[in-house]
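S.K.: This is start-v2.txt, which holds compact mmCIF, C-alpha atoms:
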```
# COMPACT_ATOMS: atom_id res chain seq x y z
CA MET Q 1 -17.77 -8.53 16.98
CA PHE Q 2 -15.89 -5.68 18.66
CA ARG Q 3 -16.55 -2.25 17.11
CA PHE Q 4 -15.53 1.33 17.85
CA THR Q 5 -16.79 4.68 16.64
CA ALA Q 6 -14.29 7.39 15.75
CA SER Q 7 -15.49 9.57 18.59
CA SER Q 8 -14.90 6.83 21.17
CA LEU Q 9 -11.52 5.75 19.87
CA PHE Q 10 -9.49 8.69 18.68
CA VAL Q 11 -8.43 10.37 21.90
CA ALA Q 12 -4.73 11.24 21.96
CA SER Q 13 -2.58 9.02 24.17
CA ALA Q 14 -5.56 6.84 25.16
CA PHE Q 15 -5.31 3.07 25.49
CA PHE Q 16 -7.94 0.55 24.44
CA LEU Q 17 -7.96 -3.21 24.84
CA VAL Q 18 -9.43 -5.07 21.89
CA PRO Q 19 -10.39 -8.71 22.29
CA THR Q 20 -9.89 -10.88 19.22
CA ALA Q 21 -12.97 -11.33 17.09
CA SER Q 22 -11.75 -14.45 15.29
CA ALA Q 23 -14.53 -16.62 16.61
CA GLN Q 24 -17.15 -14.25 15.20
CA ASN Q 25 -15.49 -13.45 11.86
CA ASN Q 26 -17.65 -14.60 8.96
CA PHE Q 27 -16.09 -12.82 6.00
CA ASN Q 28 -15.75 -16.09 4.08
CA ALA Q 29 -19.51 -16.50 4.20
CA SER Q 30 -20.07 -13.56 1.83
CA PRO Q 31 -20.73 -14.79 -1.73
CA PRO Q 32 -18.17 -13.80 -4.38
CA ASN Q 33 -19.12 -11.26 -7.02
CA ALA Q 34 -17.80 -13.47 -9.82
CA ASP Q 35 -19.29 -16.73 -8.53
CA TRP Q 36 -18.56 -18.46 -11.84
CA GLN Q 37 -14.79 -18.17 -11.36
CA LYS Q 38 -12.68 -20.90 -9.80
CA PRO Q 39 -9.25 -20.51 -8.16
CA ALA Q 40 -6.25 -21.86 -10.02
CA PHE Q 41 -5.06 -23.88 -7.03
CA PRO Q 42 -6.29 -24.84 -3.54
CA GLY Q 43 -5.96 -22.03 -1.00
CA GLN Q 44 -5.67 -19.26 -3.60
CA THR Q 45 -8.69 -17.56 -2.06
CA ARG Q 46 -10.80 -17.91 1.11
CA ALA Q 47 -8.06 -19.50 3.17
CA PRO Q 48 -9.19 -21.02 6.46
CA ILE Q 49 -10.06 -18.48 9.15
CA ILE Q 50 -7.32 -18.39 11.77
CA GLU Q 51 -8.58 -19.08 15.25
CA ASP Q 52 -6.51 -17.22 17.82
CA ASP Q 53 -7.05 -15.65 21.21
CA ILE Q 54 -4.77 -12.64 20.96
CA ASP Q 55 -5.91 -9.41 22.65
CA LEU Q 56 -4.73 -6.16 21.07
CA SER Q 57 -3.90 -2.97 22.93
CA LEU Q 58 -4.44 0.23 20.91
CA GLU Q 59 -2.77 3.55 21.73
CA THR Q 60 -3.75 6.61 19.72
CA ILE Q 61 -0.54 8.57 19.21
CA VAL Q 62 -2.24 11.48 17.44
CA ASP Q 63 -5.53 12.30 15.77
CA GLY Q 64 -6.76 15.29 13.76
CA LEU Q 65 -4.83 14.32 10.62
CA GLN Q 66 -6.51 15.36 7.39
CA ARG Q 67 -6.84 12.29 5.13
CA PRO Q 68 -3.41 10.83 5.94
CA TRP Q 69 -2.00 8.52 3.24
CA GLY Q 70 1.58 7.38 3.98
CA MET Q 71 4.06 7.31 6.84
CA ALA Q 72 7.74 6.71 7.52
CA GLN Q 73 9.37 6.47 10.93
CA LEU Q 74 12.56 8.38 11.67
CA PRO Q 75 15.34 6.95 13.87
CA ASP Q 76 14.25 9.01 16.90
CA GLY Q 77 10.78 7.45 16.83
CA SER Q 78 8.95 10.38 15.23
CA TRP Q 79 6.89 9.90 12.06
CA LEU Q 80 6.67 11.70 8.75
CA ILE Q 81 3.04 11.53 7.63
CA THR Q 82 1.58 12.67 4.32
CA GLU Q 83 -1.87 14.18 3.98
CA LYS Q 84 -3.71 13.73 0.71
CA ARG Q 85 -4.25 17.40 -0.05
CA GLY Q 86 -0.48 17.96 -0.25
CA ARG Q 87 0.79 18.51 3.29
CA LEU Q 88 3.64 16.68 5.01
CA ARG Q 89 3.61 16.58 8.81
CA LEU Q 90 6.05 15.48 11.49
CA VAL Q 91 4.50 13.69 14.47
CA SER Q 92 6.74 13.29 17.52
CA LYS Q 93 6.73 10.03 19.46
CA GLU Q 94 4.85 11.93 22.16
CA GLY Q 95 2.09 12.78 19.67
CA ASN Q 96 2.88 16.41 18.90
CA ILE Q 97 2.02 17.33 15.32
CA SER Q 98 3.97 19.93 13.34
CA ALA Q 99 2.80 22.63 11.01
CA PRO Q 100 3.00 21.56 7.35
CA ILE Q 101 6.61 21.15 6.22
CA SER Q 102 7.42 23.56 3.41
CA GLY Q 103 9.34 22.99 0.18
CA LEU Q 104 7.25 20.31 -1.56
CA PRO Q 105 6.34 20.68 -5.26
CA SER Q 106 2.74 21.21 -6.36
CA VAL Q 107 0.31 18.33 -5.93
CA ASP Q 108 -2.89 17.54 -7.87
CA SER Q 109 -5.18 16.31 -5.08
CA SER Q 110 -8.31 15.82 -7.18
CA GLY Q 111 -10.00 12.43 -7.13
CA GLN Q 112 -7.65 9.74 -5.85
CA GLY Q 113 -4.60 11.96 -6.30
CA GLY Q 114 -2.59 13.84 -3.73
CA LEU Q 115 0.53 13.54 -1.65
CA LEU Q 116 0.92 9.78 -1.37
CA ASP Q 117 3.72 7.70 0.13
CA VAL Q 118 6.87 8.79 1.99
CA ALA Q 119 10.05 6.83 2.70
CA VAL Q 120 13.48 7.23 4.32
CA GLN Q 121 16.62 5.09 4.44
CA ASP Q 122 18.58 3.91 7.46
CA ASP Q 123 21.13 6.71 7.11
CA PHE Q 124 18.54 9.46 7.59
CA ASP Q 125 20.31 10.89 10.65
CA ASN Q 126 23.37 11.58 8.48
CA THR Q 127 21.65 12.70 5.28
CA GLY Q 128 18.25 14.07 6.27
CA ARG Q 129 17.04 12.76 2.90
CA LEU Q 130 13.50 11.59 2.24
CA TRP Q 131 11.46 10.47 -0.76
CA TRP Q 132 7.77 10.95 -1.51
CA SER Q 133 5.35 10.01 -4.27
CA PHE Q 134 2.57 12.29 -5.44
CA SER Q 135 0.18 13.00 -8.28
CA GLU Q 136 1.96 15.72 -10.20
CA PRO Q 137 0.04 18.22 -12.37
CA ARG Q 138 1.35 18.10 -15.93
CA SER Q 139 0.47 20.03 -19.07
CA ARG Q 140 -2.98 20.10 -20.77
CA GLY Q 141 -4.86 18.89 -17.70
CA ARG Q 142 -2.86 15.70 -17.35
CA SER Q 143 -1.19 14.29 -14.28
CA SER Q 144 1.19 11.49 -13.38
CA THR Q 145 2.46 9.46 -10.47
CA SER Q 146 5.79 11.12 -9.70
CA VAL Q 147 8.52 10.63 -7.11
CA ALA Q 148 10.70 13.36 -5.60
CA THR Q 149 13.53 13.51 -3.09
CA GLY Q 150 14.85 16.30 -0.90
CA VAL Q 151 16.60 17.06 2.38
CA LEU Q 152 14.74 17.87 5.59
CA SER Q 153 16.19 20.78 7.54
CA LYS Q 154 17.69 20.21 10.99
CA ASP Q 155 14.72 21.95 12.59
CA ARG Q 156 12.46 19.72 10.46
CA THR Q 157 10.38 22.56 9.08
CA THR Q 158 11.57 22.77 5.47
CA ILE Q 159 12.63 20.54 2.59
CA SER Q 160 15.47 21.86 0.44
CA ASP Q 161 16.67 20.81 -3.01
CA ALA Q 162 13.43 19.01 -3.86
CA THR Q 163 14.00 17.16 -7.13
CA VAL Q 164 11.61 14.97 -9.12
CA ILE Q 165 13.51 11.77 -9.99
CA PHE Q 166 10.67 9.83 -11.64
CA ARG Q 167 7.61 10.77 -13.71
CA GLN Q 168 5.13 8.21 -14.94
CA ASN Q 169 5.02 8.13 -18.72
CA PRO Q 170 2.64 8.83 -20.30
CA ALA Q 171 0.92 11.42 -18.16
CA TRP Q 172 -2.86 11.16 -18.47
CA ALA Q 173 -6.01 13.23 -17.92
CA SER Q 174 -7.38 11.05 -15.14
CA SER Q 175 -7.77 11.46 -11.38
CA ARG Q 176 -7.77 7.71 -10.64
CA HIS Q 177 -5.39 4.81 -9.92
CA PHE Q 178 -2.07 6.48 -9.13
CA GLY Q 179 -0.72 3.63 -6.96
CA SER Q 180 1.67 4.21 -5.24
CA ARG Q 181 4.07 2.86 -2.64
CA LEU Q 182 7.81 3.35 -2.23
CA VAL Q 183 9.98 0.46 -1.01
CA PHE Q 184 13.77 0.22 -0.78
CA ASP Q 185 15.31 -3.17 -1.51
CA LYS Q 186 18.34 -4.55 0.30
CA SER Q 187 20.71 -3.12 -2.31
CA GLY Q 188 19.29 0.40 -1.79
CA ALA Q 189 17.38 0.56 -5.08
CA LEU Q 190 13.90 2.08 -4.95
CA PHE Q 191 10.76 0.22 -6.02
CA ILE Q 192 7.82 2.37 -7.16
CA THR Q 193 4.34 0.95 -7.69
CA THR Q 194 1.93 2.64 -10.10
CA GLY Q 195 -1.68 2.21 -11.19
CA ASP Q 196 -3.36 1.86 -14.57
CA ARG Q 197 -4.96 5.35 -14.26
CA GLY Q 198 -8.45 3.85 -14.34
CA THR Q 199 -9.52 4.38 -17.95
CA PRO Q 200 -10.27 1.75 -20.63
CA ARG Q 201 -7.40 2.97 -22.80
CA THR Q 202 -4.77 3.19 -20.08
CA SER Q 203 -5.72 -0.15 -18.54
CA GLN Q 204 -4.57 -1.74 -21.80
CA MET Q 205 -1.22 0.04 -21.35
CA ALA Q 206 -0.61 -2.08 -18.25
CA GLN Q 207 0.32 -4.78 -20.81
CA ASP Q 208 2.81 -2.52 -22.60
CA PRO Q 209 6.21 -2.75 -20.86
CA LYS Q 210 7.41 0.38 -22.66
CA THR Q 211 5.10 2.50 -20.49
CA HIS Q 212 4.92 3.17 -16.73
CA ILE Q 213 1.18 2.45 -16.53
CA GLY Q 214 0.30 -0.42 -14.16
CA LYS Q 215 3.90 -1.31 -13.34
CA VAL Q 216 6.45 -1.94 -10.67
CA LEU Q 217 9.46 0.30 -11.42
CA ARG Q 218 12.96 0.10 -9.95
CA ILE Q 219 15.36 3.04 -9.98
CA ASP Q 220 18.43 4.48 -8.33
CA PRO Q 221 16.97 6.70 -5.56
CA LEU Q 222 19.46 9.55 -6.04
CA THR Q 223 19.82 9.76 -9.80
CA GLY Q 224 16.62 8.13 -11.04
CA GLU Q 225 18.76 5.82 -13.18
CA PRO Q 226 16.77 2.77 -14.32
CA LYS Q 227 17.39 -0.50 -12.50
CA GLY Q 228 14.57 -2.63 -13.88
CA ALA Q 229 14.38 -5.62 -16.20
CA THR Q 230 17.16 -4.27 -18.41
CA ASP Q 231 17.74 -7.59 -20.20
CA ASN Q 232 14.22 -7.61 -21.63
CA LYS Q 233 13.98 -6.13 -25.12
CA GLY Q 234 11.01 -3.84 -25.59
CA PHE Q 235 10.94 -2.84 -21.92
CA ALA Q 236 11.44 0.63 -20.54
CA PRO Q 237 14.65 0.00 -18.59
CA GLU Q 238 13.12 0.95 -15.22
CA VAL Q 239 10.20 -1.50 -15.57
CA TRP Q 240 10.49 -4.41 -13.14
CA SER Q 241 7.10 -6.12 -13.69
CA TYR Q 242 3.90 -5.29 -15.56
CA GLY Q 243 0.22 -6.16 -15.93
CA HIS Q 244 -0.85 -4.58 -12.63
CA ARG Q 245 -4.07 -2.67 -11.90
CA ASN Q 246 -3.55 -0.38 -8.89
CA MET Q 247 -0.94 -1.29 -6.27
CA GLN Q 248 -1.49 0.59 -3.01
CA SER Q 249 0.17 -2.02 -0.77
CA ALA Q 250 3.87 -2.90 -0.92
CA THR Q 251 6.61 -3.95 1.46
CA LEU Q 252 9.92 -5.78 1.51
CA GLY Q 253 9.57 -9.24 3.00
CA PRO Q 254 11.96 -11.03 5.36
CA ASP Q 255 12.99 -13.03 2.29
CA GLY Q 256 14.28 -9.83 0.65
CA ASN Q 257 11.58 -9.89 -2.03
CA LEU Q 258 9.08 -7.18 -2.85
CA TRP Q 259 5.51 -8.09 -1.94
CA THR Q 260 2.51 -6.14 -3.27
CA ILE Q 261 -1.27 -6.15 -3.06
CA GLU Q 262 -3.27 -4.42 -5.77
CA HIS Q 263 -6.86 -3.31 -6.03
CA GLY Q 264 -8.86 -5.52 -8.35
CA PRO Q 265 -12.11 -4.56 -10.04
CA ARG Q 266 -15.34 -5.75 -8.36
CA GLY Q 267 -13.53 -8.64 -6.74
CA GLY Q 268 -9.98 -9.60 -7.59
CA ASP Q 269 -7.74 -7.80 -5.08
CA GLU Q 270 -4.55 -9.83 -5.32
CA LEU Q 271 -1.35 -10.58 -3.43
CA ASN Q 272 1.79 -10.92 -5.56
CA ARG Q 273 5.52 -11.22 -5.10
CA PRO Q 274 6.51 -9.46 -8.35
CA GLN Q 275 9.46 -10.99 -10.15
CA MET Q 276 11.68 -9.18 -12.65
CA GLY Q 277 10.30 -9.12 -16.18
CA LYS Q 278 7.08 -11.03 -15.47
CA ASN Q 279 3.53 -10.25 -16.55
CA TYR Q 280 0.81 -10.25 -13.88
CA GLY Q 281 -2.07 -10.27 -16.31
CA TRP Q 282 -4.19 -7.15 -15.93
CA PRO Q 283 -6.50 -6.56 -17.79
CA VAL Q 284 -6.25 -9.75 -19.89
CA ILE Q 285 -6.69 -12.10 -16.94
CA THR Q 286 -8.13 -11.21 -13.55
CA TYR Q 287 -10.42 -12.45 -10.84
CA GLY Q 288 -13.55 -10.45 -10.17
CA GLU Q 289 -15.75 -8.57 -12.61
CA THR Q 290 -16.49 -5.03 -13.80
CA TYR Q 291 -18.49 -2.67 -11.60
CA SER Q 292 -21.46 -3.25 -13.94
CA GLY Q 293 -21.32 -6.97 -13.20
CA ARG Q 294 -19.93 -7.98 -16.57
CA PRO Q 295 -16.74 -9.99 -17.13
CA VAL Q 296 -13.46 -8.08 -17.49
CA GLY Q 297 -12.41 -8.54 -21.12
CA LYS Q 298 -13.14 -12.14 -22.09
CA GLY Q 299 -13.57 -13.18 -18.48
CA GLN Q 300 -10.35 -15.17 -18.39
CA THR Q 301 -8.54 -15.91 -15.15
CA GLN Q 302 -5.58 -17.89 -16.55
CA MET Q 303 -3.32 -17.62 -19.58
CA LYS Q 304 0.06 -19.02 -20.49
CA GLY Q 305 2.86 -16.53 -19.89
CA MET Q 306 0.90 -14.62 -17.24
CA GLU Q 307 1.42 -15.05 -13.50
CA GLN Q 308 -1.23 -16.16 -11.04
CA PRO Q 309 -1.66 -14.19 -7.82
CA LEU Q 310 -0.49 -15.94 -4.68
CA TYR Q 311 -3.88 -15.08 -3.18
CA TYR Q 312 -6.97 -13.08 -4.13
CA TRP Q 313 -10.11 -11.69 -2.50
CA ASP Q 314 -13.66 -11.64 -3.83
CA PRO Q 315 -15.39 -9.63 -2.38
CA VAL Q 316 -12.59 -7.12 -2.13
CA ILE Q 317 -10.86 -5.78 0.95
CA ALA Q 318 -9.69 -2.60 -0.88
CA PRO Q 319 -6.05 -2.92 0.26
CA SER Q 320 -3.89 0.00 1.29
CA GLY Q 321 -0.64 -0.44 3.18
CA MET Q 322 1.02 -3.65 4.35
CA ALA Q 323 3.81 -4.86 6.61
CA PHE Q 324 5.24 -8.08 7.99
CA SER Q 325 4.77 -8.52 11.73
CA ASP Q 326 7.75 -8.55 14.08
CA PRO Q 327 7.90 -12.01 15.71
CA LYS Q 328 9.67 -10.59 18.77
CA VAL Q 329 6.63 -8.46 19.60
CA PHE Q 330 3.93 -10.63 18.00
CA PRO Q 331 5.12 -14.20 18.57
CA GLU Q 332 1.62 -15.49 17.78
CA TRP Q 333 1.72 -13.65 14.47
CA LYS Q 334 5.11 -14.81 13.21
CA THR Q 335 5.37 -15.10 9.40
CA SER Q 336 2.24 -12.93 9.02
CA ILE Q 337 1.43 -10.14 6.60
CA LEU Q 338 -0.75 -7.34 8.00
CA VAL Q 339 -2.83 -5.39 5.48
CA GLY Q 340 -4.94 -2.27 5.84
CA GLY Q 341 -8.47 -2.56 4.51
CA LEU Q 342 -10.37 0.46 3.19
CA ALA Q 343 -13.74 -0.93 2.07
CA SER Q 344 -13.41 -3.78 4.57
CA GLN Q 345 -12.57 -1.32 7.40
CA SER Q 346 -10.33 -3.86 9.05
CA LEU Q 347 -6.81 -5.04 9.71
CA ILE Q 348 -6.30 -8.22 7.71
CA ARG Q 349 -3.78 -10.85 8.75
CA LEU Q 350 -2.44 -13.46 6.36
CA GLU Q 351 -0.53 -16.31 7.95
CA MET Q 352 2.18 -17.35 5.51
CA ASP Q 353 4.12 -20.51 4.78
CA ARG Q 354 6.79 -19.05 2.48
CA ALA Q 355 4.74 -17.90 -0.54
CA LYS Q 356 1.54 -19.73 0.42
CA VAL Q 357 -1.31 -18.26 2.45
CA LYS Q 358 -2.22 -20.71 5.22
CA GLY Q 359 -4.96 -18.69 6.87
CA GLU Q 360 -6.65 -15.30 7.14
CA ASN Q 361 -8.22 -13.30 9.93
CA ARG Q 362 -9.56 -9.77 10.38
CA TYR Q 363 -9.30 -7.45 13.36
CA LEU Q 364 -10.76 -4.06 14.34
CA GLU Q 365 -13.65 -4.68 11.94
CA GLY Q 366 -15.84 -1.62 11.44
CA MET Q 367 -13.48 0.67 13.36
CA ALA Q 368 -12.22 2.76 10.43
CA ARG Q 369 -10.82 2.72 6.92
CA ILE Q 370 -7.16 1.77 7.39
CA ARG Q 371 -4.93 3.61 4.92
CA ASP Q 372 -1.42 2.50 5.89
CA VAL Q 373 0.28 -0.14 8.01
CA ALA Q 374 3.89 -0.19 9.23
CA THR Q 375 6.08 -2.05 11.69
CA GLY Q 376 7.82 0.50 13.90
CA ASN Q 377 11.39 0.58 15.15
CA ASP Q 378 10.06 -0.86 18.42
CA GLY Q 379 8.43 -3.82 16.65
CA ALA Q 380 4.91 -2.58 17.36
CA LEU Q 381 2.37 -2.28 14.56
CA TYR Q 382 1.25 1.21 13.51
CA ILE Q 383 -1.79 2.07 11.42
CA LEU Q 384 -3.13 5.25 9.82
CA THR Q 385 -6.88 5.70 9.59
CA ASP Q 386 -8.31 7.41 6.52
CA SER Q 387 -10.65 10.28 7.38
CA ASN Q 388 -10.74 14.02 7.98
CA ASN Q 389 -9.94 13.14 11.60
CA GLY Q 390 -7.33 10.53 10.77
CA ALA Q 391 -5.24 8.95 13.49
CA LEU Q 392 -1.88 7.29 13.99
CA ILE Q 393 -2.44 4.27 16.24
CA ARG Q 394 0.10 1.96 17.88
CA ILE Q 395 -0.93 -1.70 18.27
CA THR Q 396 0.69 -4.29 20.53
CA PRO Q 397 -0.43 -7.57 22.08
CA LYS Q 398 -1.86 -7.34 25.58
```
Before anything else, please render the file you have as structure tokens.
M.R.:
Amino acid sequence: MFRFTASSLFVASAFFLVPTASAQNNFNASPPNADWQKPAFPGQTRAPIIEDDIDLSLETIVDGLQRPWGMAQLPDGSWLITEKRGRLRLVSKEGNISAPISGLPSVDSSGQGGLLDVAVQDDFDNTGRLWWSFSEPRSRGRSSTSVATGVLSKDRTTISDATVIFRQNPAWASSRHFGSRLVFDKSGALFITTGDRGTPRTSQMAQDPKTHIGKVLRIDPLTGEPKGATDNKGFAPEVWSYGHRNMQSATLGPDGNLWTIEHGPRGGDELNRPQMGKNYGWPVITYGETYSGRPVGKGQTQMKGMEQPLYYWDPVIAPSGMAFSDPKVFPEWKTSILVGGLASQSLIRLEMDRAKVKGENRYLEGMARIRDVATGNDGALYILTDSNNGALIRITPK
């Protein structure tokens, strides 16, 4: 198995050739935590390991990032990158890193909170507008997943007219499970993923479609106007889907659908393609178990009226960031989803046949915690590593 240490890898503008480790991968040999659970259908977990012979070339664009979390590429090839403690940076395509961009609202960076995802639309050159999600300090020690938008100055040093367009309701005194990813659909509406805030009481709220806890939301990105499952009585009008635990991976697929991966408990990370108005089960049904080793709730994995994940992991990968590969650059990886693994410290590839996982493989195992994954304007794959010396790395086939 090919491994790197941070000191050997993260040298700006260096190139490294990484042979595939598919022949040595043995992740399916690890026993599940909840070994008494059975998948609902063949191939729902532990898909066959993909055997390939691809070699990957890694170029470190920049290192020295402080706990980077999200990234968005601008039309000129530069990247906006968030840092957890509340700083937004601009990294040029040559690897030059800016001073923190000013004008952002206050961020609560305790626990799992901080400055989270960042996104832009195709018309950025004309508008200069960007969006970001963050854990916002609220009254009486509470916080919420919130989303703001503003305009980046021409010299790219300052954000003006920063406006919060979404606040998770209710706010809660917790520093856990904020989500959150931002994804634009093909109509220009904005999907927001949230978490269940990580407490016994709020996890039950994931089943209440009148709240924003454990949900996919859909809004107008300029006005914040709801664009969710508006035909469903009893729903907050911005709620798209519900019954989610903590979605830190989301992307728009080639099919135009939103795809997400959420953190499960001890086992039970799951891939979904959330559909409007549907219930994805948490915490009533789930794969995996509690951190104490006990069943979640009644230990159920299936229930009428609740959706099954397309795929799940036990043990977990701890997902964070995902993208579809570009078949022009990665012809061997066509129809593949690439996922960043935190606990698994790997780049996970899922080979897809429409909505079915045909196979899985892992790359760069042991190199670093991978916090975000994106396909760049050039079709290459870009990853962010999660550390106090985080790096932006460009990946291409040899």
S.K.: Determine the nearest neighbour of Ser344 of chain Q from the options Q:Ser109, Q:Gln248, Q:Ser174, Q:Ser320, counting all atoms listed in the file.
M.R.: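 Checking each of Q:Ser109, Q:Gln248, Q:Ser174, Q:Ser320 against Ser344 of chain Q, counting all atoms listed in the file, the winner is Q:Ser320.
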S.K.: With distances taken over all atoms listed in the file, which residue among Q:Ile219, Q:Ile393, Q:Val339, Q:Ala206 lies nearest Ile261 of chain Q?
M.R.: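 Checking each candidate against Ile261 of chain Q, we get Q:Val339 as the closest.
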S.K.: Segment 44-52 of chain Q: which residues within 9 Å, counting all atoms listed in the file, same-chain residues fewer than 4 positions away excluded, as an mmCIF file with C-alpha atoms, keeping the file's coordinate frame?
M.R.:
```cif
data_model
loop_
_atom_site.group_PDB
_atom_site.id
_atom_site.type_symbol
_atom_site.label_atom_id
_atom_site.label_comp_id
_atom_site.auth_asym_id
_atom_site.auth_seq_id
_atom_site.Cartn_x
_atom_site.Cartn_y
_atom_site.Cartn_z
ATOM 1 C CA THR Q 20 -9.890 -10.880 19.220
ATOM 2 C CA ALA Q 21 -12.970 -11.330 17.090
ATOM 3 C CA SER Q 22 -11.750 -14.450 15.290
ATOM 4 C CA ALA Q 23 -14.530 -16.620 16.610
ATOM 5 C CA ASN Q 25 -15.490 -13.450 11.860
ATOM 6 C CA ASN Q 26 -17.650 -14.600 8.960
ATOM 7 C CA PHE Q 27 -16.090 -12.820 6.000
ATOM 8 C CA ASN Q 28 -15.750 -16.090 4.080
ATOM 9 C CA PRO Q 39 -9.250 -20.510 -8.160
ATOM 10 C CA ALA Q 40 -6.250 -21.860 -10.020
ATOM 11 C CA PRO Q 309 -1.660 -14.190 -7.820
ATOM 12 C CA LEU Q 310 -0.490 -15.940 -4.680
ATOM 13 C CA TYR Q 311 -3.880 -15.080 -3.180
ATOM 14 C CA TYR Q 312 -6.970 -13.080 -4.130
ATOM 15 C CA TRP Q 313 -10.110 -11.690 -2.500
ATOM 16 C CA ASP Q 314 -13.660 -11.640 -3.830
ATOM 17 C CA GLU Q 332 1.620 -15.490 17.780
ATOM 18 C CA ARG Q 349 -3.780 -10.850 8.750
ATOM 19 C CA LEU Q 350 -2.440 -13.460 6.360
ATOM 20 C CA GLU Q 351 -0.530 -16.310 7.950
ATOM 21 C CA LYS Q 356 1.540 -19.730 0.420
ATOM 22 C CA VAL Q 357 -1.310 -18.260 2.450
ATOM 23 C CA LYS Q 358 -2.220 -20.710 5.220
ATOM 24 C CA GLY Q 359 -4.960 -18.690 6.870
ATOM 25 C CA GLU Q 360 -6.650 -15.300 7.140
ATOM 26 C CA ASN Q 361 -8.220 -13.300 9.930
ATOM 27 C CA ARG Q 362 -9.560 -9.770 10.380
#
```
S.K.: For Ser30 of chain Q, which of Q:Ala189, Q:Val316, Q:Ala99, Q:Leu258 is the closest residue, counting all atoms listed in the file?
M.R.: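 Answer, going by the shortest atom-to-atom distance: Q:Val316.
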S.K.: Between Q:Leu74, Q:Leu217, Q:Val183, Q:Ala343, single out the one closest to Gly256 of chain Q, counting only C-alpha atoms.
M.R.: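 Residue with the minimum atom-to-atom distance to Gly256 of chain Q: Q:Val183.
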